[in-house]
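> Below is one structure. I have some questions about it.
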Amino acid sequence: KTPALVSSAQPVIATPRTCLGMAQLSVTTTAATLASLAGTIPTGAVVCELQADGGTVRVSRVGSITPTTTLGYRLDDGAVLVVDSTLADVRLIAAAATKVNAVFFDRV
């Protein structure tokens with residue numbers, strides 16, 4: 001055991017997280033930000049769950065990297081990706097127009 005980790009206890013949040021909004025995104029062959037696809041990111045949202053619905057989508061979580069149809073985190077049809085990085089930096093693209101379900105939360 002690492003003494004630094006053992007001695008620095010962290011508080012546990014026992015209340016459930018709050019859903020701040022939902023959106024169905026229309027992801028196309030042009031990379032776009034999560035905010036532009038959703039219309040807006042709800043105030044206070046720090047986590048987003050994404051689920052591809054009908055195709056494969058590529059996702060970038062870093063603002064300086066634009067995904068392509070072959071580059072980026074691959075999100076296959078039905079798969080869920082939990083994004084807990086800066087939501088304004090998230091970008092999505094698809095090889096063919098694909099719906100993506102997005103749910104925003106106030107914490108992980």
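We name chains A, B, ... following the order of the structure tokens; residues begin at 1 in each chain, and ligands are numbered from 1 as shown.
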Quick one: residues within 12 Å of stretch 80-88 of chain A, only C-alpha atoms, excluding same-chain residues fewer than 3 positions away - as a ChimeraX atom specification?

/A:32-53,56-64,73-77,91-92,100-108

> Determine the nearest neighbour of A:Val90 from the options A:Thr66, A:Thr18, A:Gln24, A:Thr29, counting only C-alpha atoms.

A:Thr66

> From a backbone DSSP assignment, name each residue in chain A labelled helix (DSSP H, G or I), as a tab-separated table (two decimals) with N, CA and C atoms, in the first residue's frame.


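Written out: states.tsv:
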chain	number	residue	atom	x	y	z
A	3	PRO	N	1.59	4.73	1.30
A	3	PRO	CA	1.19	5.52	2.48
A	3	PRO	C	0.46	6.81	2.11
A	4	ALA	N	0.88	7.48	1.05
A	4	ALA	CA	0.23	8.74	0.67
A	4	ALA	C	-1.24	8.51	0.29
A	5	LEU	N	-1.52	7.39	-0.33
A	5	LEU	CA	-2.89	7.09	-0.72
A	5	LEU	C	-3.73	6.64	0.46
A	6	VAL	N	-3.14	5.89	1.36
A	6	VAL	CA	-3.86	5.39	2.52
A	6	VAL	C	-4.21	6.53	3.47
A	7	SER	N	-3.31	7.47	3.63
A	7	SER	CA	-3.52	8.54	4.61
A	7	SER	C	-4.38	9.69	4.08
A	34	LEU	N	-19.75	18.58	-29.86
A	34	LEU	CA	-20.90	18.09	-29.11
A	34	LEU	C	-21.90	19.22	-28.88
A	35	ALA	N	-21.40	20.40	-28.54
A	35	ALA	CA	-22.28	21.55	-28.28
A	35	ALA	C	-23.08	21.93	-29.51
A	36	SER	N	-22.46	21.95	-30.68
A	36	SER	CA	-23.19	22.33	-31.89
A	36	SER	C	-24.21	21.27	-32.28
A	37	LEU	N	-23.90	20.01	-32.04
A	37	LEU	CA	-24.83	18.93	-32.36
A	37	LEU	C	-26.01	18.89	-31.38
A	38	ALA	N	-25.75	19.18	-30.12
A	38	ALA	CA	-26.80	19.12	-29.09
A	38	ALA	C	-27.60	20.42	-29.02
A	87	LEU	N	-16.41	18.83	-21.95
A	87	LEU	CA	-17.45	18.54	-22.94
A	87	LEU	C	-17.38	19.47	-24.15
A	88	ALA	N	-16.93	20.69	-23.97
A	88	ALA	CA	-16.83	21.64	-25.08
A	88	ALA	C	-15.78	21.18	-26.11
A	89	ASP	N	-14.85	20.31	-25.72
A	89	ASP	CA	-13.80	19.83	-26.62
A	89	ASP	C	-14.20	18.60	-27.42

> Atom CA of A:Ala31 and atom CA of A:Ala97 are how many Å apart?

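Answer for the atom CA of A:Ala31 to atom CA of A:Ala97 separation: 11.3 Å.
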
> Just the residues within 7 Å of A:Thr28, please, counting only C-alpha atoms, with nothing from its chain fewer than 5 positions along; format it as a PDB file with N, CA and C atoms, in the first residue's frame.


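What landed in around_4.pdb:
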ATOM      1  N   ILE A  93     -17.891  12.438 -35.589  1.00  0.00           N
ATOM      2  CA  ILE A  93     -18.028  12.297 -37.035  1.00  0.00           C
ATOM      3  C   ILE A  93     -18.496  10.871 -37.313  1.00  0.00           C
ATOM      4  N   ALA A  94     -19.170  10.667 -38.446  1.00  0.00           N
ATOM      5  CA  ALA A  94     -19.613   9.335 -38.845  1.00  0.00           C
ATOM      6  C   ALA A  94     -19.307   9.128 -40.325  1.00  0.00           C
ATOM      7  N   ALA A  96     -21.303   7.574 -42.323  1.00  0.00           N
ATOM      8  CA  ALA A  96     -22.619   7.821 -42.913  1.00  0.00           C
ATOM      9  C   ALA A  96     -23.486   8.399 -41.799  1.00  0.00           C
ATOM     10  N   ALA A  97     -24.426   9.249 -42.151  1.00  0.00           N
ATOM     11  CA  ALA A  97     -25.275   9.907 -41.152  1.00  0.00           C
ATOM     12  C   ALA A  97     -25.789   8.902 -40.125  1.00  0.00           C
ATOM     13  N   THR A  98     -25.572   9.222 -38.852  1.00  0.00           N
ATOM     14  CA  THR A  98     -25.915   8.329 -37.747  1.00  0.00           C
ATOM     15  C   THR A  98     -26.474   9.133 -36.588  1.00  0.00           C
TER      16      THR A  98
END

> So how many Å separate atom CA of A:Met22 and atom CA of A:Leu71, to one decimal?

26.2 Å

> Please identify which residues in chain A DSSP calls strand (DSSP E or B) from the backbone, and express them as a PyMOL selection string.

chain A and resi 19-27+32-33+47-53+57-60+73-75+80-83+91-94+98-105

> Taking only C-alpha atoms into account, name the residue in A:Ile65, A:Thr15, A:Leu20, A:Gly55 that is nearest to A:Gly78.

A:Gly55

> Would you mind telling me which residue in A:Val27, A:Ala14, A:Ala95, A:Cys19 lies nearest to A:Thr69 when using only C-alpha atoms?

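Smallest distance to A:Thr69 is found for A:Ala95.
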
> Kindly indicate which residue among A:Lys99, A:Pro16, A:Ala79, A:Pro67 lies nearest to A:Gly54, using only C-alpha atoms for the distances.

A:Lys99
